[in-house]
Amino acid sequence: MQVRAEAKGLELGAELRGPLPETILTDPTRLRQILINLMGNALKFTEQGEVRLRVRFLDGTPPAGDGGASPTLEFAVSDTGIGIAPTQLAVIFEPFRQADGSTTRRFGGTGLGLAISRRLAENLGGTIAVESEVGRGTTFRLLVPAGPLEGVPLLAEPSLTEQAHPTDTGVTSSPLSEPLDCRVLLVEDAPDNQRLLSFILRRAGAEVEVVGDGRAAVDRLVGVPADAHHTPPDARFDVVLMDMQMPVLDGYEATRRLRAAGYVGSIIALTAHAMEGDCAKCLQAGCDGYATKPIDSATLLQTIRGHLRERCPERPAR
Ligand code: ADP
């Protein structure tokens, strides 16, 4: 998220307000998924200012908010972005709903993130609510029951650094520090994602060229058939990162056309949400693998490295 905020010139802050229980009992994967979606949206729909996550503990003594009587953690994600009109506030949690007809065109997305987040929050026993003012910003409030807290210490001054357990990410070494020696064609229409992904890839050491839709990718990769055998090696790409949802020609069709034209290089699909069936659909279209958005830089770099090694086993594992 920090990388994305920096790429857009936004401030990103997190505040843990004590006292906070040292541990809670919940599903960390789902909780993280909801927060990633809320923070991702906040960054997506904000052009200036800041995105902030505030965490506090509602101990269950009234008035503790909608959390009711049980101890609850509140995560408030606020932004200074475009805001949401009052008429739209009621519907944005419905599947496939976006605030207005121009949202897909302007920002992309599927209108599923909030529907999934609300479902997940409810499955954790919690709720999500939203307050917003057009042109001023939006705050999403996620309430999650803390679970039984007997014997759990309350931290008066919790700090973010103390709580960051590197093992949580499942990544033992830092892939960001190992140079990624390859050329990547990034096929992505959303300027925000273009910036973010190029930033991640270039910072990792890759050379990146960006095209904005599937047709441009097909032109770039197999556009001049007579030239196919004479493409100088430095103009070839080790990996194509293909967004699947794009205007003009989407990633599925672009991949099908590339494969039909004999393109054999690695194509890794980027799909908007981890939807059931998505993976199979990408592979059917001819992709070699896929990564899901919101993009986790470590996972993406690992995926790319895996494909480079598969294609070229003698390549040193670096
Ligand atoms: P998506 O972002 O893929 O369109 P979501 O379900 O995550 O789908 O969000 C639904 C809609 O709610 C968005 O399209 C956008 O119109 C609106 N929205 C969500 N978060 C924000 C926000 N922080 N600021 C303004 N609008 C938002």
# chains A, B, ... in the order shown; residues from 1 in each chain; ligands from 1

call {"tool": "residues_near_ligand", "arguments": {"ligand": "ligand 1", "cutoff": "6 Å", "atoms": "only C-alpha atoms and all ligand atoms", "output": "list in words"}}
result
Asn41, Ala42, Phe45, Gly81, Ile82, Gly83, Ile84, Ile92, Arg97, Gln98, Ala99, Thr103, Gly109, Thr110, Gly111, Leu112, Gly113, Leu114, Ala115 and Thr138 of chain A

call {"tool": "select_by_dssp", "arguments": {"residues": "region 71-304 of chain A", "states": "strand (DSSP E)", "output": "JSON, numbers by chain"}}
result
{"A": [72, 73, 74, 75, 76, 77, 78, 79, 127, 128, 129, 130, 131, 132, 133, 137, 138, 139, 140, 141, 142, 143, 144, 145, 154, 155, 183, 184, 185, 186, 187, 207, 208, 209, 210, 211, 239, 240, 241, 242, 243, 266, 267, 268, 269, 270, 271, 289, 290, 291, 292]}

call {"tool": "residues_around", "arguments": {"residues": "region 256-261 of chain A", "least_positions_apart": "6", "cutoff": "9 Å", "atoms": "only C-alpha atoms", "output": "PyMOL selection string"}}
result
chain A and resi 217-218+221-222+225+284-287

call {"tool": "write_last_selection", "arguments": {"atoms": "N, CA, C and O atoms", "output": "PDB file, in the first residue's frame"}}
result
ATOM      1  N   ALA A 217      -0.817  -4.909 -27.123  1.00  0.00           N
ATOM      2  CA  ALA A 217       0.101  -5.998 -26.748  1.00  0.00           C
ATOM      3  C   ALA A 217       0.303  -6.946 -27.925  1.00  0.00           C
ATOM      4  O   ALA A 217       1.427  -7.345 -28.241  1.00  0.00           O
ATOM      5  N   VAL A 218      -0.818  -7.294 -28.585  1.00  0.00           N
ATOM      6  CA  VAL A 218      -0.724  -8.206 -29.729  1.00  0.00           C
ATOM      7  C   VAL A 218       0.143  -7.554 -30.812  1.00  0.00           C
ATOM      8  O   VAL A 218       1.045  -8.183 -31.368  1.00  0.00           O
ATOM      9  N   LEU A 221       3.795  -7.658 -29.760  1.00  0.00           N
ATOM     10  CA  LEU A 221       4.464  -8.960 -29.643  1.00  0.00           C
ATOM     11  C   LEU A 221       4.483  -9.755 -30.945  1.00  0.00           C
ATOM     12  O   LEU A 221       5.451 -10.439 -31.229  1.00  0.00           O
ATOM     13  N   VAL A 222       3.403  -9.668 -31.708  1.00  0.00           N
ATOM     14  CA  VAL A 222       3.377 -10.479 -32.942  1.00  0.00           C
ATOM     15  C   VAL A 222       2.899  -9.644 -34.126  1.00  0.00           C
ATOM     16  O   VAL A 222       2.456 -10.180 -35.127  1.00  0.00           O
ATOM     17  N   PRO A 225       4.466 -10.024 -38.655  1.00  0.00           N
ATOM     18  CA  PRO A 225       4.846 -11.428 -38.791  1.00  0.00           C
ATOM     19  C   PRO A 225       6.178 -11.615 -39.510  1.00  0.00           C
ATOM     20  O   PRO A 225       6.987 -12.446 -39.118  1.00  0.00           O
ATOM     21  N   GLN A 284      -6.994 -21.469 -19.602  1.00  0.00           N
ATOM     22  CA  GLN A 284      -7.649 -21.889 -20.852  1.00  0.00           C
ATOM     23  C   GLN A 284      -7.337 -20.940 -21.993  1.00  0.00           C
ATOM     24  O   GLN A 284      -7.163 -21.351 -23.133  1.00  0.00           O
ATOM     25  N   ALA A 285      -7.264 -19.650 -21.669  1.00  0.00           N
ATOM     26  CA  ALA A 285      -6.988 -18.657 -22.716  1.00  0.00           C
ATOM     27  C   ALA A 285      -5.547 -18.738 -23.199  1.00  0.00           C
ATOM     28  O   ALA A 285      -5.201 -18.170 -24.220  1.00  0.00           O
ATOM     29  N   GLY A 286      -4.694 -19.449 -22.416  1.00  0.00           N
ATOM     30  CA  GLY A 286      -3.314 -19.634 -22.858  1.00  0.00           C
ATOM     31  C   GLY A 286      -2.283 -19.008 -21.941  1.00  0.00           C
ATOM     32  O   GLY A 286      -1.092 -18.993 -22.260  1.00  0.00           O
ATOM     33  N   CYS A 287      -2.722 -18.478 -20.795  1.00  0.00           N
ATOM     34  CA  CYS A 287      -1.749 -17.913 -19.856  1.00  0.00           C
ATOM     35  C   CYS A 287      -1.002 -19.046 -19.157  1.00  0.00           C
ATOM     36  O   CYS A 287      -1.518 -20.142 -19.021  1.00  0.00           O
TER      37      CYS A 287
END

call {"tool": "residues_around", "arguments": {"residues": "Arg4 (chain A)", "least_positions_apart": "4", "cutoff": "8 Å", "atoms": "only C-alpha atoms", "output": "ChimeraX atom specification"}}
result
/A:8,43,196

call {"tool": "write_last_selection", "arguments": {"atoms": "N, CA, C and O atoms", "output": "JSON list (two decimals), in the first residue's frame"}}
result
[["chain", "number", "residue", "atom", "x", "y", "z"],
["A", 8, "LYS", "N", 1.34, 7.70, -6.06],
["A", 8, "LYS", "CA", 0.32, 8.72, -6.32],
["A", 8, "LYS", "C", 0.56, 10.00, -5.53],
["A", 8, "LYS", "O", -0.26, 10.92, -5.58],
["A", 43, "LEU", "N", -7.08, 4.33, -1.74],
["A", 43, "LEU", "CA", -5.99, 4.85, -2.57],
["A", 43, "LEU", "C", -6.44, 5.08, -4.00],
["A", 43, "LEU", "O", -6.05, 6.04, -4.66],
["A", 196, "LEU", "N", 2.02, 1.67, -10.39],
["A", 196, "LEU", "CA", 2.36, 0.81, -9.26],
["A", 196, "LEU", "C", 3.21, -0.38, -9.70],
["A", 196, "LEU", "O", 4.27, -0.66, -9.15]]

call {"tool": "closest_residue", "arguments": {"among": "A:Arg202, A:Arg118, A:Arg220, A:Lys281", "to": "Arg236 (chain A)", "atoms": "only C-alpha atoms"}}
result
A:Arg220

call {"tool": "closest_residue", "arguments": {"among": "A:Glu133, A:Glu74, A:Glu209, A:Asp192", "to": "Glu47 (chain A)", "atoms": "only C-alpha atoms"}}
result
A:Asp192

call {"tool": "closest_residue", "arguments": {"among": "A:Thr292, A:Ala7, A:Leu53, A:Thr87", "to": "Gln194 (chain A)", "atoms": "only C-alpha atoms"}}
result
A:Ala7

call {"tool": "closest_residue", "arguments": {"among": "A:Val187, A:Leu180, A:Gly223, A:Ala129", "to": "Leu249 (chain A)", "atoms": "only C-alpha atoms"}}
result
A:Val187

call {"tool": "residues_around", "arguments": {"residues": "Arg195 (chain A)", "least_positions_apart": "2", "cutoff": "12 Å", "atoms": "only C-alpha atoms", "output": "VMD selection string"}}
result
chain A and resid 3 to 9 186 to 193 197 to 203 208 to 212

call {"tool": "closest_residue", "arguments": {"among": "A:Leu270, A:Ile24, A:Leu16, A:Leu124", "to": "Ser159 (chain A)", "atoms": "only C-alpha atoms"}}
result
A:Leu16
